[in-house]
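The structure appears right after this line, and notes come after that.
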Amino acid sequence: MIMTREFRAQTLSLPLGQRALVMGIINVTPDSFSDGGKAFDLNSAVALALQLEEDGADIIDIGGESTRPGSLPVPLAEELRRVLPVIQALQGRLRVPISIDTSKAEAARRAVEAGAVIINDIAAGGFDTDMAKTAAQTGAGVVLMHMKGKPRTMQVNPVYDDLLGEVRAFLQAAVERFIAVGVRRESILVDPGIGFGKTLEHNLELLRRCGEFRNLAAGVLVGPSRKSFLGLLTDSPVTDRLPETISAAACAAIYGADVLRVHDVREVRKALTVADAVRRVNFGSGDA
């Protein structure tokens with residue numbers, strides 16, 4: 001029998017295990033690696049959020065700062081100027097929860113006040129020591145991601161002595177920091193950080209073994225969408241990596257990912273229907 005777990009964010013409870021959930025990406029930025037400028041104005045961002053929900057997104061993730069390799073930080077005031085109007089405009093219009101993609105505690109706090117219920121922090125609290133306390137005070141769910149270095153330098157020759165061990169130790173320490181200030185374990189997802197300070201081989205190994213991180217928290221989120229390692233495999237530009245993204249997302253789901261963070265929600269959602277069926281067969285007699 002497949003065992004269902006829960007990811008809790010304020011009063012929200014999302015079931016994990018029966019099927020992989022999809023987190024749809026909205027970058028309210030001019031410079032994100034694959035879709036910079038697509039949703040940079042309020043109307044475009046709102047329209048995209050509503051479309052992603054219709055396409056099957058279970059969560060909408062809104063970010064105002066690019067974290068592509070080589071990117072520089074955005075000032076807090078500018079990040080808030082970008083994301084808060086979008087979150088506010090979606091209140092009462094979306095049926096699915098909103099996640100704020102930020103590594104700044106104040107941006108997270110303001111976004112939750114505006115209506116977000118999940119904080120997606122690529123730095124797992126490492127860039128802002130107030131992030132754990134903010135998550136505890138707001139009751140928001142959190143996604144804690146592993147990254148080696150910072151976006152500006154993370155892809156400069158990343159080296160690991162023990163990839164799985166080092167990523168696991170990093171995530172475990174982050175989870176325990178958040179729990180220590182009052183965040184519930186069932187309110188935390190961990191993310192191994194595909195593309196964030198990893199080589200092609202690192203990314204492939206993390207996709208294949210992502211389920212091994214599940215016992216650290218409520219579940220595992222994986223974000224392979226359109227990333228450069230996929231282009232290395234097929235020699236495809238960022239604008240032509242949909243088949244690769246679908247394949248990576250389906251593999252991650254079969255290997256144990258609970259949530260897939262992607263740009264192309266409709267196509268990935270359909271592929272995950274097949275992956276979920278395969279996973280139920282593979283794990284039908286135990287924990288999925």
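Ligands are numbered from 1 in the order shown, residues from 1 within each chain, and chains are lettered A, B, ... in the order they appear in the structure tokens.
Secondary structure from DSSP on the backbone puts strand (DSSP E) at the following positions of region 31-227 of chain A: Ile59, Ile60, Asp61, Ile62, Gly63, Ile98, Ser99, Ile100, Asp101, Ile118, Ile119, Asn120, Asp121, Gly141, Val142, Val143, Leu144, Met145, Ile188, Leu189, Val190, Asp191, Gly219, Val220, Leu221 and Val222 of chain A.
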Prev. selection, N, CA and C atoms, output as a CSV table (one decimal), in the first residue's frame:
chain,number,residue,atom,x,y,z
A,59,ILE,N,1.2,24.3,-7.2
A,59,ILE,CA,1.8,25.4,-6.5
A,59,ILE,C,2.3,26.4,-7.6
A,60,ILE,N,2.2,27.7,-7.3
A,60,ILE,CA,2.8,28.7,-8.1
A,60,ILE,C,3.9,29.4,-7.4
A,61,ASP,N,5.1,29.3,-8.0
A,61,ASP,CA,6.3,29.9,-7.3
A,61,ASP,C,6.7,31.2,-8.0
A,62,ILE,N,6.7,32.3,-7.3
A,62,ILE,CA,7.0,33.6,-7.8
A,62,ILE,C,8.3,34.1,-7.3
A,63,GLY,N,9.2,34.5,-8.2
A,63,GLY,CA,10.5,35.1,-7.8
A,63,GLY,C,10.8,36.4,-8.5
A,98,ILE,N,0.6,29.8,-3.2
A,98,ILE,CA,1.7,30.6,-3.8
A,98,ILE,C,2.9,30.4,-3.0
A,99,SER,N,4.0,30.2,-3.6
A,99,SER,CA,5.3,30.2,-3.0
A,99,SER,C,6.1,31.4,-3.4
A,100,ILE,N,6.9,32.0,-2.5
A,100,ILE,CA,7.8,33.1,-2.8
A,100,ILE,C,9.2,32.5,-2.9
A,101,ASP,N,9.8,32.8,-4.0
A,101,ASP,CA,11.2,32.3,-4.3
A,101,ASP,C,12.2,33.4,-3.9
A,118,ILE,N,4.3,29.6,1.2
A,118,ILE,CA,5.5,28.8,1.1
A,118,ILE,C,6.7,29.7,0.8
A,119,ILE,N,7.8,29.5,1.4
A,119,ILE,CA,9.1,30.2,1.2
A,119,ILE,C,10.0,29.2,0.5
A,120,ASN,N,10.5,29.5,-0.7
A,120,ASN,CA,11.4,28.7,-1.4
A,120,ASN,C,12.8,29.4,-1.4
A,121,ASP,N,13.7,28.9,-0.6
A,121,ASP,CA,15.0,29.6,-0.4
A,121,ASP,C,16.1,28.8,-0.9
A,141,GLY,N,5.3,27.1,5.0
A,141,GLY,CA,6.1,26.0,4.6
A,141,GLY,C,7.4,26.5,4.0
A,142,VAL,N,8.5,25.7,4.0
A,142,VAL,CA,9.7,26.1,3.4
A,142,VAL,C,10.3,25.0,2.5
A,143,VAL,N,11.0,25.5,1.5
A,143,VAL,CA,11.9,24.6,0.6
A,143,VAL,C,13.3,25.1,0.9
A,144,LEU,N,14.1,24.1,1.3
A,144,LEU,CA,15.5,24.4,1.6
A,144,LEU,C,16.4,23.7,0.6
A,145,MET,N,17.1,24.5,-0.2
A,145,MET,CA,17.9,23.9,-1.3
A,145,MET,C,19.4,23.9,-1.0
A,188,ILE,N,8.7,21.3,5.9
A,188,ILE,CA,9.9,21.5,5.1
A,188,ILE,C,10.0,20.5,4.0
A,189,LEU,N,10.4,21.0,2.8
A,189,LEU,CA,10.8,20.2,1.7
A,189,LEU,C,12.3,20.5,1.5
A,190,VAL,N,13.0,19.4,1.1
A,190,VAL,CA,14.4,19.6,0.8
A,190,VAL,C,14.6,19.5,-0.7
A,191,ASP,N,15.6,20.2,-1.3
A,191,ASP,CA,15.9,20.3,-2.7
A,191,ASP,C,17.4,20.1,-2.9
A,219,GLY,N,9.4,15.9,2.4
A,219,GLY,CA,9.5,15.4,1.1
A,219,GLY,C,10.6,16.1,0.3
A,220,VAL,N,10.7,15.8,-1.0
A,220,VAL,CA,11.8,16.2,-1.8
A,220,VAL,C,11.3,17.0,-3.0
A,221,LEU,N,11.8,18.2,-3.3
A,221,LEU,CA,11.5,18.9,-4.5
A,221,LEU,C,12.8,18.9,-5.4
A,222,VAL,N,12.5,18.8,-6.7
A,222,VAL,CA,13.6,18.8,-7.7
A,222,VAL,C,13.2,19.8,-8.8
Quick one: which region 84-164 of chain A residues come within 6 Å of region 8-11 of chain A, and what is the nearest atom pair for each with the distance in Å to one decimal, counting only C-alpha atoms, rows ordered by chain and ascending number, as a tab-separated table?
residue	atom	partner	partner_atom	distance
A:Val117	CA	A:Ala9	CA	5.9
A:Gly139	CA	A:Gln10	CA	4.9
A:Ala140	CA	A:Ala9	CA	4.8
A:Gly141	CA	A:Ala9	CA	4.1
Write out the residues from the selection above, keeping N, CA and C atoms, as a compact mmCIF listing (two decimals), in the first residue's frame.
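And here is the file that came out, selection_0.txt:
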# COMPACT_ATOMS: atom_id res chain seq x y z
N VAL A 117 2.22 31.27 1.00
CA VAL A 117 2.21 30.37 2.16
C VAL A 117 3.44 29.46 2.20
N GLY A 139 4.59 30.71 10.01
CA GLY A 139 3.96 29.41 9.82
C GLY A 139 4.02 28.89 8.40
N ALA A 140 4.80 29.56 7.56
CA ALA A 140 4.89 29.16 6.16
C ALA A 140 5.63 27.83 6.02
N GLY A 141 5.30 27.10 4.98
CA GLY A 141 6.13 25.98 4.60
C GLY A 141 7.40 26.50 3.96
Exercise. Closest to Val262 (chain A) among A:Val112, A:Leu50, A:Val22, A:Leu16, using only C-alpha atoms?
Worked result: A:Val22
Problem set entry | Ala114 (chain A) environment, 8 Å, only C-alpha atoms, sequence neighbours closer than 2 positions dropped, as a PyMOL selection string | chain A and resi 84+87-88+110-112+116
Exercise. Counting only C-alpha atoms, which of A:Gly197, A:Pro151, A:Gly182, A:Gly256 gets nearest to Phe213 (chain A)?
Worked result: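 Among the listed residues, A:Gly256 lies closest to Phe213 (chain A).
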Exercise. Pick the closest to Val265 (chain A) from A:Val175, A:Glu205, A:Val167, A:Ala249: which is it, counting only C-alpha atoms?
Worked result: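 Among the listed residues, A:Ala249 lies closest to Val265 (chain A).
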Problem set entry | Atomic separation - CA of Leu14 (chain A) relative to CA of Leu94 (chain A), Å | 15.6 Å
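CA of Arg19 (chain A) sits 19.4 Å away from CA of Leu216 (chain A).
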Problem set entry | Selection near region 42-44 of chain A, 7 Å with only C-alpha atoms, sequence-local residues under 4 positions removed, as a list of chain:residue names |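 Residues near the query, excluding close chain neighbours: A:Leu48, A:Pro85, A:Val86.
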For this session: Name the residues in contact with Arg261 (chain A) at a cut-off of 7 Å, using only C-alpha atoms, excluding same-chain residues fewer than 4 positions from it; report them as a list in words.
Result: Val22, Met23, Gly24, Ile25, Val222, Gly223 and Ser225 of chain A
Write out the residues from the selection above, keeping C-alpha atoms, as an mmCIF file, in the first residue's frame.
data_model
loop_
_atom_site.group_PDB
_atom_site.id
_atom_site.type_symbol
_atom_site.label_atom_id
_atom_site.label_comp_id
_atom_site.auth_asym_id
_atom_site.auth_seq_id
_atom_site.Cartn_x
_atom_site.Cartn_y
_atom_site.Cartn_z
ATOM 1 C CA VAL A 22 4.040 20.339 -9.962
ATOM 2 C CA MET A 23 5.342 23.756 -8.936
ATOM 3 C CA GLY A 24 4.933 26.239 -11.785
ATOM 4 C CA ILE A 25 7.618 28.912 -12.196
ATOM 5 C CA VAL A 222 13.590 18.776 -7.670
ATOM 6 C CA GLY A 223 13.967 21.556 -10.251
ATOM 7 C CA SER A 225 13.553 22.653 -15.856
#
For this session: Apply DSSP to the backbone of this structure and, from region 19-191 of chain A, keep only the residues in alpha helix (DSSP H); write these as a PyMOL selection string.
Result: chain A and resi 42-55+76-90+105-114+131-138+163-180
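Considering the residues A:Arg82, A:Tyr255, A:Phe7, A:Arg93 and counting only C-alpha atoms, Ala47 (chain A) has its shortest atom-to-atom contact with A:Arg93.
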Problem set entry | Residues near Gly149 (chain A), cut-off 9 Å, only C-alpha atoms, skip fewer than 6 positions along chain, as a ChimeraX atom specification | /A:155,158,196-197
Would you write out those residues with N, CA and C atoms, as a PDB file, in the first residue's frame?
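Saved result, again_33.pdb, follows:
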ATOM      1  N   GLN A 155      29.133  27.698 -10.547  1.00  0.00           N
ATOM      2  CA  GLN A 155      29.472  26.748 -11.602  1.00  0.00           C
ATOM      3  C   GLN A 155      30.943  26.795 -11.986  1.00  0.00           C
ATOM      4  N   PRO A 158      32.871  23.106  -9.686  1.00  0.00           N
ATOM      5  CA  PRO A 158      32.383  22.523  -8.432  1.00  0.00           C
ATOM      6  C   PRO A 158      32.951  21.120  -8.213  1.00  0.00           C
ATOM      7  N   PHE A 196      22.909  23.873  -9.340  1.00  0.00           N
ATOM      8  CA  PHE A 196      23.459  24.897  -8.458  1.00  0.00           C
ATOM      9  C   PHE A 196      24.772  24.399  -7.854  1.00  0.00           C
ATOM     10  N   GLY A 197      25.871  24.644  -8.566  1.00  0.00           N
ATOM     11  CA  GLY A 197      27.168  24.189  -8.103  1.00  0.00           C
ATOM     12  C   GLY A 197      27.367  22.707  -8.339  1.00  0.00           C
TER      13      GLY A 197
END
Who sits within 10 Å of Glu244 (chain A), only C-alpha atoms, same chain under 2 positions skipped, as a PDB file with N, CA and C atoms, in the first residue's frame:
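Output saved as out_18.pdb:
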ATOM      1  N   PRO A 224      14.589  20.534 -12.397  1.00  0.00           N
ATOM      2  CA  PRO A 224      15.477  20.326 -13.542  1.00  0.00           C
ATOM      3  C   PRO A 224      15.167  21.198 -14.756  1.00  0.00           C
ATOM      4  N   SER A 225      14.157  22.040 -14.681  1.00  0.00           N
ATOM      5  CA  SER A 225      13.553  22.653 -15.856  1.00  0.00           C
ATOM      6  C   SER A 225      14.524  23.475 -16.704  1.00  0.00           C
ATOM      7  N   ARG A 226      14.713  23.043 -17.962  1.00  0.00           N
ATOM      8  CA  ARG A 226      15.459  23.776 -18.987  1.00  0.00           C
ATOM      9  C   ARG A 226      16.926  24.017 -18.635  1.00  0.00           C
ATOM     10  N   LYS A 227      17.460  23.312 -17.674  1.00  0.00           N
ATOM     11  CA  LYS A 227      18.783  23.659 -17.159  1.00  0.00           C
ATOM     12  C   LYS A 227      19.905  23.224 -18.098  1.00  0.00           C
ATOM     13  N   PHE A 229      22.595  21.463 -17.896  1.00  0.00           N
ATOM     14  CA  PHE A 229      23.078  20.090 -18.008  1.00  0.00           C
ATOM     15  C   PHE A 229      22.272  19.301 -19.024  1.00  0.00           C
ATOM     16  N   LEU A 230      20.998  19.649 -19.195  1.00  0.00           N
ATOM     17  CA  LEU A 230      20.180  18.999 -20.213  1.00  0.00           C
ATOM     18  C   LEU A 230      20.680  19.352 -21.606  1.00  0.00           C
ATOM     19  N   GLY A 231      21.059  20.631 -21.772  1.00  0.00           N
ATOM     20  CA  GLY A 231      21.621  21.057 -23.047  1.00  0.00           C
ATOM     21  C   GLY A 231      22.941  20.387 -23.364  1.00  0.00           C
ATOM     22  N   LEU A 233      23.652  17.362 -22.665  1.00  0.00           N
ATOM     23  CA  LEU A 233      23.346  16.011 -23.119  1.00  0.00           C
ATOM     24  C   LEU A 233      22.871  15.980 -24.565  1.00  0.00           C
ATOM     25  N   THR A 234      22.130  17.001 -24.991  1.00  0.00           N
ATOM     26  CA  THR A 234      21.494  16.963 -26.311  1.00  0.00           C
ATOM     27  C   THR A 234      21.943  18.073 -27.246  1.00  0.00           C
ATOM     28  N   SER A 236      21.227  21.196 -27.042  1.00  0.00           N
ATOM     29  CA  SER A 236      20.060  22.027 -27.318  1.00  0.00           C
ATOM     30  C   SER A 236      20.161  23.357 -26.592  1.00  0.00           C
ATOM     31  N   ASP A 240      14.967  25.325 -26.330  1.00  0.00           N
ATOM     32  CA  ASP A 240      14.529  24.080 -26.963  1.00  0.00           C
ATOM     33  C   ASP A 240      14.877  22.880 -26.090  1.00  0.00           C
ATOM     34  N   ARG A 241      14.465  22.940 -24.823  1.00  0.00           N
ATOM     35  CA  ARG A 241      14.776  21.852 -23.900  1.00  0.00           C
ATOM     36  C   ARG A 241      13.523  21.259 -23.258  1.00  0.00           C
ATOM     37  N   LEU A 242      12.402  21.375 -23.923  1.00  0.00           N
ATOM     38  CA  LEU A 242      11.183  20.802 -23.360  1.00  0.00           C
ATOM     39  C   LEU A 242      11.241  19.291 -23.266  1.00  0.00           C
ATOM     40  N   ILE A 246      10.980  17.250 -19.690  1.00  0.00           N
ATOM     41  CA  ILE A 246       9.959  16.231 -19.431  1.00  0.00           C
ATOM     42  C   ILE A 246      10.615  14.934 -18.967  1.00  0.00           C
ATOM     43  N   SER A 247      11.667  14.518 -19.669  1.00  0.00           N
ATOM     44  CA  SER A 247      12.351  13.280 -19.317  1.00  0.00           C
ATOM     45  C   SER A 247      12.967  13.357 -17.923  1.00  0.00           C
ATOM     46  N   ALA A 248      13.649  14.479 -17.625  1.00  0.00           N
ATOM     47  CA  ALA A 248      14.280  14.629 -16.313  1.00  0.00           C
ATOM     48  C   ALA A 248      13.239  14.643 -15.197  1.00  0.00           C
ATOM     49  N   ALA A 249      12.134  15.326 -15.419  1.00  0.00           N
ATOM     50  CA  ALA A 249      11.087  15.390 -14.397  1.00  0.00           C
ATOM     51  C   ALA A 249      10.474  14.017 -14.154  1.00  0.00           C
ATOM     52  N   ALA A 250      10.223  13.273 -15.227  1.00  0.00           N
ATOM     53  CA  ALA A 250       9.651  11.939 -15.075  1.00  0.00           C
ATOM     54  C   ALA A 250      10.618  11.011 -14.345  1.00  0.00           C
TER      55      ALA A 250
END
